[in-house]
Amino acid sequence: MLFLAEEAERIARSYPHQLSGGQRQRILIAQAIACGPSVVIADEPTASLDPTTQMEILGVFRTLRKNLGLAMIFITHNPALLGGFADRVLVLYAGRIVELGPAEKVLASPRHPYTRSLFQAIPPFLSETHSAHKKKLAAIPGDSLASSLPREGCPFEPRCPERMDVCKSQEPGLVKLSEAHVVSCFRYEGQE
Ligand code: SF4
């Protein structure tokens with residue numbers, strides 16, 4: 001216990017460059033939690049951390065959620081982190097909701113073409129075989145710069161492998177696939 005107190009004292013007196021990425025991240029989390037929030041918005045909280053530290057930080061969040069009853073909005077570009085962590089997943093493209101649903105459904109069976117393409121671009125998990133790591137990663141063609149977005153129609157249309165004629169001129173609304181699962185894509189219209 002004495003060791004922990006001394007370590008906390010040392011860390012409190014350290015400059016950021018004297019701490020590891022994981023330590024700096026924990027300090028930020030502690031600062032946020034010290035305010036007694038009921039909701040925490042964590043924007044890319046594991047970016048630039050190594051996979052082991054990422055898992056440790058997720059563990060910290062899990063414990064805080066459980067012990068303090070915190071609601072959390074976790075923003076990430078790595079959907080692989082969400083399994084077993086998120087309750088609901090909301091996927092945005094060009095500032096619009098393209099898919100929203102229970103995490104286990106969206107992660108196991110994504111419906112929107114962008115969600116599917118995004119998940120196919122996740123690097124194979126570390127436990128996979130060496131040959132799996134050698135496979136070329138899938139990429140989504142084109143880019144999402146504001147200057148590349150179409151003036152009308154579905155914002156994902158120029159990059160969508162499933163686009164249809166209607167996608168060029170009209171923007172899809174949200175289609176309800178189930179009580180809690182919605183998707184913004186003409187492919188699902190009429191299936192409500
Ligand atoms: S509306 Fe059309 S372009 Fe947009 S995601 Fe669906 S199929 Fe693709």
# chains A, B, ... in the order shown; residues from 1 in each chain; ligands from 1
>>> closest_atom_pairs(of="chain A", to="ligand 1", cutoff="7 Å", atoms="only C-alpha atoms and all ligand atoms", output="JSON lines")
{"residue": "A:His112", "atom": "CA", "partner": "ligand 1", "partner_atom_place_in_ligand_line": "5 (S)", "distance": 6.2}
{"residue": "A:Pro113", "atom": "CA", "partner": "ligand 1", "partner_atom_place_in_ligand_line": "5 (S)", "distance": 5.3}
{"residue": "A:Tyr114", "atom": "CA", "partner": "ligand 1", "partner_atom_place_in_ligand_line": "5 (S)", "distance": 6.4}
{"residue": "A:Cys154", "atom": "CA", "partner": "ligand 1", "partner_atom_place_in_ligand_line": "4 (Fe)", "distance": 4.7}
{"residue": "A:Pro155", "atom": "CA", "partner": "ligand 1", "partner_atom_place_in_ligand_line": "4 (Fe)", "distance": 6.7}
{"residue": "A:Phe156", "atom": "CA", "partner": "ligand 1", "partner_atom_place_in_ligand_line": "4 (Fe)", "distance": 5.2}
{"residue": "A:Glu157", "atom": "CA", "partner": "ligand 1", "partner_atom_place_in_ligand_line": "3 (S)", "distance": 3.6}
{"residue": "A:Cys160", "atom": "CA", "partner": "ligand 1", "partner_atom_place_in_ligand_line": "8 (Fe)", "distance": 4.7}
{"residue": "A:Pro161", "atom": "CA", "partner": "ligand 1", "partner_atom_place_in_ligand_line": "8 (Fe)", "distance": 6.7}
{"residue": "A:Glu162", "atom": "CA", "partner": "ligand 1", "partner_atom_place_in_ligand_line": "7 (S)", "distance": 4.7}
{"residue": "A:Arg163", "atom": "CA", "partner": "ligand 1", "partner_atom_place_in_ligand_line": "3 (S)", "distance": 4.0}
{"residue": "A:Met164", "atom": "CA", "partner": "ligand 1", "partner_atom_place_in_ligand_line": "2 (Fe)", "distance": 5.6}
{"residue": "A:Cys167", "atom": "CA", "partner": "ligand 1", "partner_atom_place_in_ligand_line": "2 (Fe)", "distance": 4.4}
{"residue": "A:Glu171", "atom": "CA", "partner": "ligand 1", "partner_atom_place_in_ligand_line": "1 (S)", "distance": 6.9}
{"residue": "A:Pro172", "atom": "CA", "partner": "ligand 1", "partner_atom_place_in_ligand_line": "1 (S)", "distance": 5.6}
{"residue": "A:Ser184", "atom": "CA", "partner": "ligand 1", "partner_atom_place_in_ligand_line": "1 (S)", "distance": 6.8}
{"residue": "A:Cys185", "atom": "CA", "partner": "ligand 1", "partner_atom_place_in_ligand_line": "6 (Fe)", "distance": 3.7}
{"residue": "A:Phe186", "atom": "CA", "partner": "ligand 1", "partner_atom_place_in_ligand_line": "1 (S)", "distance": 4.4}
{"residue": "A:Arg187", "atom": "CA", "partner": "ligand 1", "partner_atom_place_in_ligand_line": "7 (S)", "distance": 5.4}
>>> residues_around(residues="region 132-146 of chain A", least_positions_apart="3", cutoff="12 Å", atoms="only C-alpha atoms", output="JSON list (two decimals) with C-alpha atoms, in the first residue's frame")
[["chain", "number", "residue", "atom", "x", "y", "z"],
["A", 92, "LEU", "CA", -21.55, 7.37, -38.93],
["A", 93, "TYR", "CA", -20.49, 8.24, -42.46],
["A", 94, "ALA", "CA", -20.02, 11.85, -43.59],
["A", 95, "GLY", "CA", -21.77, 13.00, -40.41],
["A", 113, "PRO", "CA", -22.54, -1.54, -47.12],
["A", 114, "TYR", "CA", -20.26, 0.97, -45.36],
["A", 115, "THR", "CA", -20.36, -0.94, -42.06],
["A", 116, "ARG", "CA", -19.58, -4.15, -43.91],
["A", 117, "SER", "CA", -16.67, -2.58, -45.83],
["A", 118, "LEU", "CA", -15.35, -1.02, -42.63],
["A", 119, "PHE", "CA", -15.38, -4.33, -40.77],
["A", 120, "GLN", "CA", -13.65, -6.09, -43.67],
["A", 121, "ALA", "CA", -10.83, -3.57, -43.37],
["A", 122, "ILE", "CA", -10.03, -4.53, -39.75],
["A", 123, "PRO", "CA", -6.59, -6.16, -39.49],
["A", 124, "PRO", "CA", -6.79, -9.84, -38.49],
["A", 125, "PHE", "CA", -6.78, -10.34, -34.74],
["A", 126, "LEU", "CA", -3.45, -11.25, -33.17],
["A", 127, "SER", "CA", -4.53, -14.81, -32.39],
["A", 128, "GLU", "CA", -5.02, -15.65, -36.07],
["A", 129, "THR", "CA", -2.48, -17.66, -37.98],
["A", 149, "LEU", "CA", -18.73, 13.79, -51.24],
["A", 150, "PRO", "CA", -21.52, 13.90, -53.82],
["A", 151, "ARG", "CA", -23.75, 16.98, -53.87],
["A", 155, "PRO", "CA", -23.10, 10.17, -49.44],
["A", 156, "PHE", "CA", -21.52, 6.71, -49.69],
["A", 157, "GLU", "CA", -22.59, 6.20, -53.32],
["A", 158, "PRO", "CA", -19.21, 6.87, -55.02],
["A", 159, "ARG", "CA", -17.56, 4.20, -52.85],
["A", 160, "CYS", "CA", -20.41, 1.74, -52.46],
["A", 161, "PRO", "CA", -20.01, -1.71, -54.03]]
>>> atom_distance(atom1="CA of Arg88 (chain A)", atom2="CA of Gly22 (chain A)")
25.9 Å
>>> residues_around(residues="Pro110 (chain A)", least_positions_apart="5", cutoff="12 Å", atoms="only C-alpha atoms", output="list in words")
Pro79, Val89, Leu90, Val91, Val98, Glu99, Leu100, Gly101, Pro102, Ala103, Glu104, Lys105, Thr115, Arg116, Ser117, Leu118, Phe119, Gln120, Leu177, His181, Val182 and Val183 of chain A
>>> write_last_selection(atoms="N, CA, C and O atoms", output="short mmCIF file (atom, residue, chain, number, x, y, z; two decimals), in the first residue's frame")
data_model
loop_
_atom_site.label_atom_id
_atom_site.label_comp_id
_atom_site.auth_asym_id
_atom_site.auth_seq_id
_atom_site.Cartn_x
_atom_site.Cartn_y
_atom_site.Cartn_z
N PRO A 79 -13.58 -0.84 -34.82
CA PRO A 79 -14.75 -1.58 -34.30
C PRO A 79 -14.36 -2.86 -33.57
O PRO A 79 -15.14 -3.38 -32.79
N VAL A 89 -24.20 0.03 -31.04
CA VAL A 89 -23.21 0.58 -31.96
C VAL A 89 -23.90 1.51 -32.95
O VAL A 89 -24.95 1.16 -33.51
N LEU A 90 -23.34 2.70 -33.10
CA LEU A 90 -23.86 3.66 -34.07
C LEU A 90 -22.73 3.95 -35.05
O LEU A 90 -21.64 4.32 -34.64
N VAL A 91 -23.00 3.73 -36.33
CA VAL A 91 -21.97 3.94 -37.36
C VAL A 91 -22.32 5.21 -38.13
O VAL A 91 -23.45 5.36 -38.61
N VAL A 98 -25.55 5.85 -40.48
CA VAL A 98 -25.81 4.86 -41.53
C VAL A 98 -26.33 3.54 -40.92
O VAL A 98 -27.00 2.78 -41.59
N GLU A 99 -25.97 3.29 -39.66
CA GLU A 99 -26.48 2.07 -39.01
C GLU A 99 -26.45 2.27 -37.51
O GLU A 99 -25.51 2.83 -36.95
N LEU A 100 -27.50 1.79 -36.85
CA LEU A 100 -27.59 1.87 -35.39
C LEU A 100 -28.30 0.63 -34.90
O LEU A 100 -29.37 0.28 -35.41
N GLY A 101 -27.70 -0.05 -33.94
CA GLY A 101 -28.37 -1.25 -33.45
C GLY A 101 -27.64 -1.87 -32.28
O GLY A 101 -26.58 -1.39 -31.86
N PRO A 102 -28.19 -2.96 -31.74
CA PRO A 102 -27.53 -3.67 -30.65
C PRO A 102 -26.14 -4.13 -31.09
O PRO A 102 -25.98 -4.62 -32.22
N ALA A 103 -25.15 -3.99 -30.22
CA ALA A 103 -23.76 -4.29 -30.60
C ALA A 103 -23.62 -5.71 -31.14
O ALA A 103 -22.96 -5.91 -32.16
N GLU A 104 -24.25 -6.67 -30.48
CA GLU A 104 -24.03 -8.06 -30.93
C GLU A 104 -24.56 -8.27 -32.34
O GLU A 104 -23.99 -9.04 -33.12
N LYS A 105 -25.63 -7.54 -32.71
CA LYS A 105 -26.20 -7.69 -34.06
C LYS A 105 -25.33 -6.98 -35.09
O LYS A 105 -24.99 -7.53 -36.13
N THR A 115 -20.74 -0.19 -43.27
CA THR A 115 -20.36 -0.94 -42.06
C THR A 115 -19.65 -2.23 -42.46
O THR A 115 -18.62 -2.58 -41.89
N ARG A 116 -20.20 -2.89 -43.48
CA ARG A 116 -19.58 -4.15 -43.91
C ARG A 116 -18.15 -3.91 -44.43
O ARG A 116 -17.22 -4.62 -44.07
N SER A 117 -18.00 -2.88 -45.27
CA SER A 117 -16.67 -2.58 -45.83
C SER A 117 -15.70 -2.21 -44.72
O SER A 117 -14.54 -2.61 -44.73
N LEU A 118 -16.20 -1.45 -43.76
CA LEU A 118 -15.35 -1.02 -42.63
C LEU A 118 -14.86 -2.23 -41.84
O LEU A 118 -13.68 -2.34 -41.51
N PHE A 119 -15.76 -3.15 -41.57
CA PHE A 119 -15.38 -4.33 -40.77
C PHE A 119 -14.41 -5.23 -41.55
O PHE A 119 -13.56 -5.88 -40.97
N GLN A 120 -14.57 -5.26 -42.88
CA GLN A 120 -13.65 -6.09 -43.67
C GLN A 120 -12.24 -5.51 -43.69
O GLN A 120 -11.28 -6.20 -44.01
N LEU A 177 -35.02 -2.20 -39.35
CA LEU A 177 -34.89 -3.64 -39.60
C LEU A 177 -35.52 -4.44 -38.47
O LEU A 177 -35.98 -5.56 -38.67
N HIS A 181 -32.92 -1.82 -34.46
CA HIS A 181 -31.87 -1.82 -35.48
C HIS A 181 -32.34 -1.04 -36.71
O HIS A 181 -33.32 -1.42 -37.35
N VAL A 182 -31.64 0.06 -37.02
CA VAL A 182 -32.00 0.84 -38.21
C VAL A 182 -30.79 0.98 -39.13
O VAL A 182 -29.65 0.94 -38.69
N VAL A 183 -31.09 1.17 -40.43
CA VAL A 183 -30.01 1.29 -41.41
C VAL A 183 -30.46 2.29 -42.47
O VAL A 183 -31.65 2.38 -42.80
#
>>> select_by_dssp(residues="region 9-169 of chain A", states="helix (DSSP H, G or I)", output="count of residues only")
71
>>> select_by_dssp(residues="region 94-189 of chain A", states="strand (DSSP E or B)", output="PyMOL selection string")
chain A and resi 96-102+175-176+182-183
>>> residues_around(residues="Ser20 (chain A)", least_positions_apart="6", cutoff="12 Å", atoms="only C-alpha atoms", output="list of chain:residue names")
A:Ile11, A:Ser14, A:Arg26, A:Ile27, A:Ser48, A:Leu49, A:Asp50, A:Thr53
